[in-house]
Structure formats: structure tokens, C-alpha cells
$ cat final-v5.pdb   # PDB, C-alpha atoms, pLDDT in the B column
ATOM      1  CA  MET A 165     -15.171  -9.262 -21.002  1.00 81.00           C
ATOM      2  CA  SER A 166     -16.788 -12.700 -20.934  1.00 82.00           C
ATOM      3  CA  ALA A 167     -13.382 -14.308 -20.424  1.00 81.00           C
ATOM      4  CA  SER A 168     -12.637 -11.912 -17.598  1.00 86.00           C
ATOM      5  CA  GLN A 169     -15.902 -12.692 -15.853  1.00 84.00           C
ATOM      6  CA  GLY A 170     -15.204 -16.396 -16.165  1.00 86.00           C
ATOM      7  CA  GLU A 171     -11.512 -16.465 -15.298  1.00 90.00           C
ATOM      8  CA  ALA A 172     -10.545 -13.523 -13.100  1.00 92.00           C
ATOM      9  CA  VAL A 173     -11.229 -13.481  -9.377  1.00 94.00           C
ATOM     10  CA  SER A 174     -12.493  -9.923  -9.560  1.00 95.00           C
ATOM     11  CA  VAL A 175     -12.734  -7.694  -6.495  1.00 96.00           C
ATOM     12  CA  THR A 176     -13.682  -3.999  -6.451  1.00 97.00           C
ATOM     13  CA  ILE A 177     -12.725  -1.498  -3.779  1.00 97.00           C
ATOM     14  CA  PHE A 178     -14.177   1.999  -3.577  1.00 97.00           C
ATOM     15  CA  GLY A 179     -12.693   5.260  -2.401  1.00 96.00           C
ATOM     16  CA  ASP A 180     -12.747   9.027  -2.758  1.00 95.00           C
ATOM     17  CA  ALA A 181      -9.990  11.448  -3.643  1.00 96.00           C
ATOM     18  CA  ARG A 182     -10.181  14.961  -2.299  1.00 95.00           C
ATOM     19  CA  VAL A 183      -9.548  17.303  -5.225  1.00 95.00           C
ATOM     20  CA  CYS A 184     -10.340  20.719  -3.681  1.00 92.00           C
ATOM     21  CA  ASP A 185      -6.704  21.836  -3.791  1.00 92.00           C
ATOM     22  CA  LEU A 186      -6.244  20.421  -7.291  1.00 94.00           C
ATOM     23  CA  MET A 187      -9.158  22.404  -8.717  1.00 91.00           C
ATOM     24  CA  GLU A 188      -8.004  25.581  -6.961  1.00 91.00           C
ATOM     25  CA  PHE A 189      -4.415  25.002  -8.108  1.00 92.00           C
ATOM     26  CA  ARG A 190      -5.534  24.482 -11.705  1.00 90.00           C
ATOM     27  CA  ASP A 191      -7.710  27.600 -11.777  1.00 87.00           C
ATOM     28  CA  ARG A 192      -4.976  29.697 -10.147  1.00 89.00           C
ATOM     29  CA  ASN A 193      -2.110  28.631 -12.419  1.00 87.00           C
ATOM     30  CA  TYR A 194      -3.724  28.173 -15.836  1.00 86.00           C
ATOM     31  CA  ASP A 195      -6.053  30.253 -17.953  1.00 80.00           C
ATOM     32  CA  ARG A 196      -9.139  28.618 -19.393  1.00 76.00           C
ATOM     33  CA  SER A 197      -7.618  28.011 -22.842  1.00 72.00           C
ATOM     34  CA  THR A 198      -4.521  26.156 -21.628  1.00 78.00           C
ATOM     35  CA  ARG A 199      -5.379  24.566 -18.292  1.00 83.00           C
ATOM     36  CA  PRO A 200      -5.216  20.782 -18.023  1.00 90.00           C
ATOM     37  CA  THR A 201      -8.435  18.897 -17.387  1.00 91.00           C
ATOM     38  CA  LEU A 202      -9.065  16.769 -14.336  1.00 91.00           C
ATOM     39  CA  SER A 203      -8.512  13.749 -16.597  1.00 92.00           C
ATOM     40  CA  HIS A 204      -5.000  14.944 -17.422  1.00 94.00           C
ATOM     41  CA  PHE A 205      -4.140  15.222 -13.729  1.00 95.00           C
ATOM     42  CA  LEU A 206      -5.667  11.798 -13.171  1.00 96.00           C
ATOM     43  CA  VAL A 207      -3.558  10.186 -15.906  1.00 97.00           C
ATOM     44  CA  SER A 208      -0.466  11.787 -14.387  1.00 96.00           C
ATOM     45  CA  ALA A 209      -1.411  10.497 -10.921  1.00 97.00           C
ATOM     46  CA  LEU A 210      -1.949   7.001 -12.296  1.00 98.00           C
ATOM     47  CA  ALA A 211       1.379   6.997 -14.123  1.00 97.00           C
ATOM     48  CA  LYS A 212       3.242   7.985 -10.969  1.00 97.00           C
ATOM     49  CA  SER A 213       1.267   5.548  -8.804  1.00 98.00           C
ATOM     50  CA  LEU A 214       1.938   2.644 -11.169  1.00 98.00           C
ATOM     51  CA  GLU A 215       5.664   3.396 -11.041  1.00 97.00           C
ATOM     52  CA  LYS A 216       5.497   3.019  -7.265  1.00 97.00           C
ATOM     53  CA  HIS A 217       3.082   0.062  -7.193  1.00 98.00           C
ATOM     54  CA  GLU A 218       4.456  -1.841 -10.153  1.00 97.00           C
ATOM     55  CA  GLU A 219       2.532  -5.041  -9.349  1.00 97.00           C
ATOM     56  CA  LEU A 220      -0.588  -3.302 -10.734  1.00 98.00           C
ATOM     57  CA  ASN A 221       1.245  -2.287 -13.918  1.00 98.00           C
ATOM     58  CA  ALA A 222       1.233  -5.857 -15.140  1.00 98.00           C
ATOM     59  CA  HIS A 223      -0.303  -8.752 -17.056  1.00 98.00           C
ATOM     60  CA  PHE A 224      -1.256 -12.076 -15.497  1.00 96.00           C
ATOM     61  CA  ASP A 225      -1.680 -15.375 -17.341  1.00 92.00           C
ATOM     62  CA  ASP A 226      -0.727 -19.048 -17.060  1.00 90.00           C
ATOM     63  CA  ALA A 227       2.949 -18.082 -17.091  1.00 91.00           C
ATOM     64  CA  GLY A 228       2.480 -15.869 -14.021  1.00 93.00           C
ATOM     65  CA  LEU A 229       2.800 -12.138 -13.412  1.00 96.00           C
ATOM     66  CA  LYS A 230       4.595 -10.007 -16.025  1.00 97.00           C
ATOM     67  CA  ILE A 231       5.434  -6.551 -14.690  1.00 97.00           C
ATOM     68  CA  PHE A 232       6.005  -3.731 -17.183  1.00 97.00           C
ATOM     69  CA  ARG A 233       8.839  -1.299 -16.631  1.00 94.00           C
ATOM     70  CA  ASN A 234       7.032   1.499 -18.489  1.00 97.00           C
ATOM     71  CA  VAL A 235       3.406   2.569 -18.100  1.00 98.00           C
ATOM     72  CA  HIS A 236       1.060   2.039 -21.040  1.00 98.00           C
ATOM     73  CA  LEU A 237      -2.356   3.351 -20.041  1.00 98.00           C
ATOM     74  CA  GLY A 238      -5.546   2.292 -21.807  1.00 97.00           C
ATOM     75  CA  LEU A 239      -8.173   5.063 -21.922  1.00 96.00           C
ATOM     76  CA  ALA A 240     -11.797   4.050 -22.391  1.00 91.00           C
ATOM     77  CA  VAL A 241     -13.247   6.477 -24.977  1.00 86.00           C
ATOM     78  CA  THR A 242     -16.850   6.644 -26.198  1.00 82.00           C
ATOM     79  CA  THR A 243     -17.100   7.656 -29.855  1.00 76.00           C
ATOM     80  CA  SER A 244     -19.850   9.766 -31.404  1.00 72.00           C
ATOM     81  CA  ASN A 245     -21.730   6.637 -32.540  1.00 78.00           C
ATOM     82  CA  GLY A 246     -21.645   5.114 -29.068  1.00 76.00           C
ATOM     83  CA  ASP A 247     -18.804   2.616 -29.580  1.00 80.00           C
ATOM     84  CA  LEU A 248     -16.409   2.085 -26.684  1.00 86.00           C
ATOM     85  CA  LEU A 249     -12.722   1.995 -27.634  1.00 89.00           C
ATOM     86  CA  THR A 250      -9.626   1.806 -25.457  1.00 93.00           C
ATOM     87  CA  PRO A 251      -6.633   3.450 -27.141  1.00 95.00           C
ATOM     88  CA  VAL A 252      -3.319   3.254 -25.317  1.00 97.00           C
ATOM     89  CA  VAL A 253      -1.188   6.200 -24.202  1.00 97.00           C
ATOM     90  CA  ARG A 254       2.299   4.724 -24.176  1.00 96.00           C
ATOM     91  CA  ASN A 255       5.520   5.292 -22.277  1.00 97.00           C
ATOM     92  CA  LEU A 256       4.119   7.555 -19.569  1.00 97.00           C
ATOM     93  CA  ARG A 257       6.966   6.950 -17.147  1.00 95.00           C
ATOM     94  CA  GLY A 258       8.679  10.253 -16.382  1.00 93.00           C
ATOM     95  CA  GLN A 259       6.459  12.365 -18.649  1.00 95.00           C
ATOM     96  CA  SER A 260       5.458  15.877 -17.584  1.00 93.00           C
ATOM     97  CA  LEU A 261       1.842  16.927 -17.161  1.00 93.00           C
ATOM     98  CA  GLN A 262       2.044  18.930 -20.402  1.00 92.00           C
ATOM     99  CA  GLN A 263       3.383  15.930 -22.327  1.00 95.00           C
ATOM    100  CA  ILE A 264       0.651  13.731 -20.869  1.00 95.00           C
ATOM    101  CA  SER A 265      -2.025  16.284 -21.768  1.00 94.00           C
ATOM    102  CA  GLU A 266      -0.859  16.544 -25.364  1.00 94.00           C
ATOM    103  CA  ALA A 267      -0.517  12.782 -25.859  1.00 95.00           C
ATOM    104  CA  THR A 268      -3.887  12.044 -24.266  1.00 94.00           C
ATOM    105  CA  ASP A 269      -5.760  14.684 -26.278  1.00 93.00           C
ATOM    106  CA  ALA A 270      -4.189  13.539 -29.547  1.00 93.00           C
ATOM    107  CA  LEU A 271      -5.185   9.939 -28.903  1.00 92.00           C
ATOM    108  CA  VAL A 272      -8.768  10.827 -27.948  1.00 89.00           C
ATOM    109  CA  ARG A 273      -9.137  12.918 -31.110  1.00 91.00           C
ATOM    110  CA  LYS A 274      -7.816  10.023 -33.163  1.00 91.00           C
ATOM    111  CA  ALA A 275     -10.299   7.629 -31.541  1.00 89.00           C
ATOM    112  CA  ARG A 276     -13.294   9.897 -32.114  1.00 87.00           C
ATOM    113  CA  ALA A 277     -12.261  10.489 -35.719  1.00 88.00           C
ATOM    114  CA  GLY A 278     -12.187   6.740 -36.347  1.00 87.00           C
ATOM    115  CA  ASP A 279      -8.478   6.767 -37.205  1.00 91.00           C
ATOM    116  CA  LEU A 280      -7.222   4.213 -34.685  1.00 91.00           C
ATOM    117  CA  LYS A 281      -5.155   1.246 -35.824  1.00 93.00           C
ATOM    118  CA  LEU A 282      -4.880  -2.112 -34.088  1.00 93.00           C
ATOM    119  CA  THR A 283      -1.511  -1.081 -32.706  1.00 93.00           C
ATOM    120  CA  ASP A 284      -3.211   1.894 -31.009  1.00 94.00           C
ATOM    121  CA  ILE A 285      -5.488  -0.298 -28.895  1.00 94.00           C
ATOM    122  CA  ARG A 286      -3.153  -3.128 -27.922  1.00 95.00           C
ATOM    123  CA  GLY A 287      -0.617  -3.519 -25.148  1.00 95.00           C
ATOM    124  CA  ALA A 288      -2.129  -1.541 -22.262  1.00 97.00           C
ATOM    125  CA  SER A 289      -0.624  -2.364 -18.867  1.00 98.00           C
ATOM    126  CA  PHE A 290      -3.484  -0.690 -16.938  1.00 98.00           C
ATOM    127  CA  THR A 291      -6.818   0.885 -17.910  1.00 98.00           C
ATOM    128  CA  LEU A 292      -8.692   4.032 -16.875  1.00 97.00           C
ATOM    129  CA  SER A 293     -12.434   4.300 -17.472  1.00 94.00           C
ATOM    130  CA  ASN A 294     -13.493   7.894 -16.848  1.00 89.00           C
ATOM    131  CA  LEU A 295     -17.279   8.197 -16.532  1.00 83.00           C
ATOM    132  CA  GLY A 296     -16.993  11.817 -15.483  1.00 72.00           C
ATOM    133  CA  GLN A 297     -20.063  13.035 -17.354  1.00 74.00           C
ATOM    134  CA  SER A 298     -22.434  10.965 -15.228  1.00 73.00           C
ATOM    135  CA  THR A 299     -23.972  12.811 -12.286  1.00 76.00           C
ATOM    136  CA  ALA A 300     -26.472  10.100 -11.346  1.00 81.00           C
ATOM    137  CA  ALA A 301     -24.012   7.248 -10.758  1.00 85.00           C
ATOM    138  CA  ARG A 302     -21.709   7.312  -7.747  1.00 87.00           C
ATOM    139  CA  TYR A 303     -19.431   4.268  -8.095  1.00 93.00           C
ATOM    140  CA  ALA A 304     -18.897   1.450 -10.623  1.00 93.00           C
ATOM    141  CA  THR A 305     -17.609  -2.118 -10.791  1.00 94.00           C
ATOM    142  CA  PRO A 306     -15.441  -2.063 -13.936  1.00 95.00           C
ATOM    143  CA  ILE A 307     -14.481  -5.373 -15.539  1.00 95.00           C
ATOM    144  CA  VAL A 308     -10.766  -6.176 -15.477  1.00 96.00           C
ATOM    145  CA  PRO A 309      -9.564  -6.333 -19.120  1.00 95.00           C
ATOM    146  CA  LEU A 310      -7.451  -9.491 -19.140  1.00 96.00           C
ATOM    147  CA  PRO A 311      -4.529 -10.041 -19.167  1.00 96.00           C
ATOM    148  CA  GLN A 312      -4.254  -6.763 -17.202  1.00 97.00           C
ATOM    149  CA  VAL A 313      -4.619  -7.131 -13.450  1.00 98.00           C
ATOM    150  CA  ALA A 314      -6.551  -3.952 -12.633  1.00 98.00           C
ATOM    151  CA  ILE A 315      -8.733  -1.123 -13.926  1.00 98.00           C
ATOM    152  CA  LEU A 316      -9.801   2.172 -12.337  1.00 98.00           C
ATOM    153  CA  ALA A 317     -13.171   3.821 -12.972  1.00 96.00           C
ATOM    154  CA  THR A 318     -13.932   7.418 -11.979  1.00 95.00           C
ATOM    155  CA  LEU A 319     -17.147   9.399 -12.017  1.00 93.00           C
ATOM    156  CA  SER A 320     -18.002  13.071 -11.745  1.00 92.00           C
ATOM    157  CA  VAL A 321     -16.608  15.254  -8.968  1.00 93.00           C
ATOM    158  CA  ARG A 322     -19.123  15.895  -6.199  1.00 92.00           C
ATOM    159  CA  GLN A 323     -19.494  18.652  -3.672  1.00 91.00           C
ATOM    160  CA  VAL A 324     -19.794  17.035  -0.248  1.00 91.00           C
ATOM    161  CA  PRO A 325     -19.267  18.003   3.409  1.00 92.00           C
ATOM    162  CA  VAL A 326     -15.678  17.362   4.498  1.00 88.00           C
ATOM    163  CA  VAL A 327     -14.084  17.652   7.925  1.00 86.00           C
ATOM    164  CA  THR A 328     -10.793  19.566   8.284  1.00 82.00           C
ATOM    165  CA  ASN A 329      -9.372  20.392  11.721  1.00 86.00           C
ATOM    166  CA  ASN A 330     -12.731  19.553  13.308  1.00 90.00           C
ATOM    167  CA  THR A 331     -14.509  21.990  11.007  1.00 92.00           C
ATOM    168  CA  ILE A 332     -17.090  21.022   8.408  1.00 93.00           C
ATOM    169  CA  ALA A 333     -16.785  22.677   5.017  1.00 90.00           C
ATOM    170  CA  VAL A 334     -17.812  22.064   1.415  1.00 91.00           C
ATOM    171  CA  GLY A 335     -15.250  19.984  -0.460  1.00 91.00           C
ATOM    172  CA  HIS A 336     -14.822  18.405  -3.886  1.00 94.00           C
ATOM    173  CA  MET A 337     -14.475  14.615  -3.949  1.00 95.00           C
ATOM    174  CA  LEU A 338     -13.713  12.344  -6.899  1.00 95.00           C
ATOM    175  CA  PRO A 339     -15.219   8.828  -6.576  1.00 95.00           C
ATOM    176  CA  LEU A 340     -12.766   6.016  -7.381  1.00 97.00           C
ATOM    177  CA  SER A 341     -13.596   2.370  -8.145  1.00 97.00           C
ATOM    178  CA  LEU A 342     -10.668  -0.040  -8.509  1.00 98.00           C
ATOM    179  CA  SER A 343     -11.314  -3.577  -9.766  1.00 98.00           C
ATOM    180  CA  PHE A 344      -8.448  -6.045  -9.597  1.00 98.00           C
ATOM    181  CA  ASP A 345      -7.749  -9.717 -10.219  1.00 97.00           C
ATOM    182  CA  HIS A 346      -7.238 -11.362  -6.826  1.00 97.00           C
ATOM    183  CA  ARG A 347      -5.200 -14.124  -8.467  1.00 96.00           C
ATOM    184  CA  ALA A 348      -2.490 -11.567  -9.260  1.00 96.00           C
ATOM    185  CA  LEU A 349      -2.499  -9.332  -6.183  1.00 95.00           C
ATOM    186  CA  ASN A 350      -4.138  -8.992  -2.798  1.00 96.00           C
ATOM    187  CA  GLY A 351      -6.339  -6.354  -1.254  1.00 96.00           C
ATOM    188  CA  ALA A 352      -3.516  -4.727   0.687  1.00 97.00           C
ATOM    189  CA  ALA A 353      -1.592  -3.957  -2.513  1.00 97.00           C
ATOM    190  CA  ALA A 354      -4.711  -2.638  -4.250  1.00 98.00           C
ATOM    191  CA  THR A 355      -5.655  -0.450  -1.275  1.00 98.00           C
ATOM    192  CA  ALA A 356      -2.126   0.972  -1.036  1.00 98.00           C
ATOM    193  CA  PHE A 357      -2.247   1.848  -4.740  1.00 98.00           C
ATOM    194  CA  LEU A 358      -5.613   3.589  -4.381  1.00 98.00           C
ATOM    195  CA  GLN A 359      -4.266   5.560  -1.409  1.00 98.00           C
ATOM    196  CA  THR A 360      -1.284   6.748  -3.465  1.00 98.00           C
ATOM    197  CA  VAL A 361      -3.577   7.891  -6.292  1.00 98.00           C
ATOM    198  CA  ALA A 362      -5.747   9.822  -3.825  1.00 97.00           C
ATOM    199  CA  ASP A 363      -2.711  11.367  -2.101  1.00 97.00           C
ATOM    200  CA  LEU A 364      -1.263  12.583  -5.404  1.00 97.00           C
ATOM    201  CA  LEU A 365      -4.561  14.118  -6.508  1.00 97.00           C
ATOM    202  CA  ASN A 366      -4.644  15.949  -3.193  1.00 95.00           C
ATOM    203  CA  GLN A 367      -1.157  17.379  -3.854  1.00 93.00           C
ATOM    204  CA  PRO A 368      -1.347  18.696  -7.435  1.00 91.00           C
ATOM    205  CA  GLU A 369       2.109  20.272  -7.402  1.00 91.00           C
ATOM    206  CA  LEU A 370       3.558  16.726  -7.329  1.00 90.00           C
ATOM    207  CA  LEU A 371       1.900  15.978 -10.673  1.00 90.00           C
ATOM    208  CA  LEU A 372       3.806  18.606 -12.639  1.00 80.00           C
TER     209      LEU A 372
END
$ encode --input "final-v5.pdb" --output "C-alpha cells"
Amino acid sequence: MSASQGEAVSVTIFGDARVCDLMEFRDRNYDRSTRPTLSHFLVSALAKSLEKHEELNAHFDDAGLKIFRNVHLGLAVTTSNGDLLTPVVRNLRGQSLQQISEATDALVRKARAGDLKLTDIRGASFTLSNLGQSTAARYATPIVPLPQVAILATLSVRQVPVVTNNTIAVGHMLPLSLSFDHRALNGAAATAFLQTVADLLNQPELLL
């Protein structure tokens, strides 16, 4: 983290993803015991978005930008004793939502049981920090974990007024905070990526 603060030209952009349809879709198609969590849908959206915006699925160092063909997503997990670990869900390209759910849950259980190995926490091409339990915080400025070029932080879903067809209604919005290394990519690329993530979360059927 200290190296990142000293080396990376870090910029954070903020956005919101409308997840009203996603939450309705999930409740309509899954019973409580089997339905995917919002985090599972988010991992799926990130995997698909990183396939499209491959310049964010990368490492950057003195040799330049190294783009990964597959998606290896680091998941920030807080253990029972308060430690923060980032195990890596590997090879997400082309995986179904069910496969992603199973792989993610298994890795989180392994982290919280203290069974992670060094190989489990190395080699992420992008990182997700899900702060979904916090209702007080709105946005964050996550630190880019070098040599990765970007990290996304999310917080808890909020009920807010939304405008649809000139009508105000109650909607569910997921706050998104994307930090990226400006040495590796520009704001246009980062904004386009964030838009794709938001669009996918608003169309849950595309995440299956």
C-alpha cells in the first residue's frame, strides 16, 4: 500500500449502479436457500466487463502494461480476527453465475478458516473490495494494489429516489468507487469500464 501511494498516479471515479431489476430478478427466480448474493452477481459483472475492457485486467510496471487473457479476481475478505486478506478467484472468463458463486463461496470459507496458502493470494489481475455491510459510508477511495492497475470498492445498496419516464419512484442503487493508476490508463477507459459494470448489473439476465 505504501508503494502504491508513492508510485501510482491514483485517481478515483464514483458512480452508482441501478440494481432494482437485479434484486427483483433474484427474488423471482431463486428461493432463499439457493439464490446468489449481490456479491456473486457483482463478480460475474466484473468478469464480463474485464473481458470487454481488457486494459483494466492488467499489471503495470517498468516493462509496461501486461494484459491478462483470463480474469483472476482478488476478493478483499475480513476474517473473524479483523485481518484483511485478498484471496484470488481464478479463471473467471466464461464461467456461469453458478460456477462463480461456488468458487467465490469456497474461497471465502477458506480465508475465514485460516486455510489460505500463498498461492491463493497471489496473481490477481483486478481486485474487488466489497464493503457492503457499511450503511454509514457512501463511497470510498480504495488503494490500487500494485502491480494491478485498478480496484473497485462497493458499499451497501441504498434506497433512493430515481427518475424513470419522468416519474419519480423508489429505486435501489449500488455505490461504486473505481481507483485506477493513471500511468496505465486514462479516465475515458476507466469511465467506460464503470459504465459497462453498471449496465450489466441493470440487466441481470446477461449475467447468467
$ residues_around --input "final-v5.pdb" --residues "Leu371 (chain A)" --least-positions-apart "6" --cutoff "12 Å" --atoms "only C-alpha atoms" --output "PyMOL selection string"
chain A and resi 186+189-190+200+202+204-213+258-265+361-365
$ closest_residue --input "final-v5.pdb" --among "A:Glu218, A:Ile315, A:Ser197, A:Val175" --to "Ala356 (chain A)" --atoms "all atoms listed in the file"
A:Glu218
$ atom_distance --input "final-v5.pdb" --atom1 "CA of Leu280 (chain A)" --atom2 "CA of Pro251 (chain A)"
7.6 Å
$ closest_residue --input "final-v5.pdb" --among "A:Thr201, A:Ala240, A:Thr299, A:Asn193" --to "Glu266 (chain A)" --atoms "all atoms listed in the file"
A:Thr201
$ resolve_selection --input "final-v5.pdb" --expression "the PyMOL selection byres ((chain A and resi 167) around 10)" --output "JSON, numbers by chain"
{"A": [165, 166, 168, 169, 170, 171, 172, 308, 309, 310, 311]}
$ atom_distance --input "final-v5.pdb" --atom1 "CA of Val326 (chain A)" --atom2 "CA of Phe178 (chain A)"
17.4 Å
$ resolve_selection --input "final-v5.pdb" --expression "the PyMOL selection byres ((chain A and resi 338) around 7)" --output "list in words"
Asp180, Ala181, Arg182, Val183, Leu319, Ser320, Val321, Arg322, His336, Met337, Pro339 and Leu340 of chain A
$ write_last_selection --input "final-v5.pdb" --atoms "C-alpha atoms" --output "tab-separated table (two decimals), keeping the file's coordinate frame"
chain	number	residue	atom	x	y	z
A	180	ASP	CA	-12.75	9.03	-2.76
A	181	ALA	CA	-9.99	11.45	-3.64
A	182	ARG	CA	-10.18	14.96	-2.30
A	183	VAL	CA	-9.55	17.30	-5.22
A	319	LEU	CA	-17.15	9.40	-12.02
A	320	SER	CA	-18.00	13.07	-11.74
A	321	VAL	CA	-16.61	15.25	-8.97
A	322	ARG	CA	-19.12	15.90	-6.20
A	336	HIS	CA	-14.82	18.40	-3.89
A	337	MET	CA	-14.48	14.62	-3.95
A	339	PRO	CA	-15.22	8.83	-6.58
A	340	LEU	CA	-12.77	6.02	-7.38
$ closest_residue --input "final-v5.pdb" --among "A:Thr331, A:Ala270, A:Gly296, A:Ala314" --to "Asn350 (chain A)" --atoms "all atoms listed in the file"
A:Ala314
$ atom_distance --input "final-v5.pdb" --atom1 "CA of Gly351 (chain A)" --atom2 "CA of Thr176 (chain A)"
9.3 Å
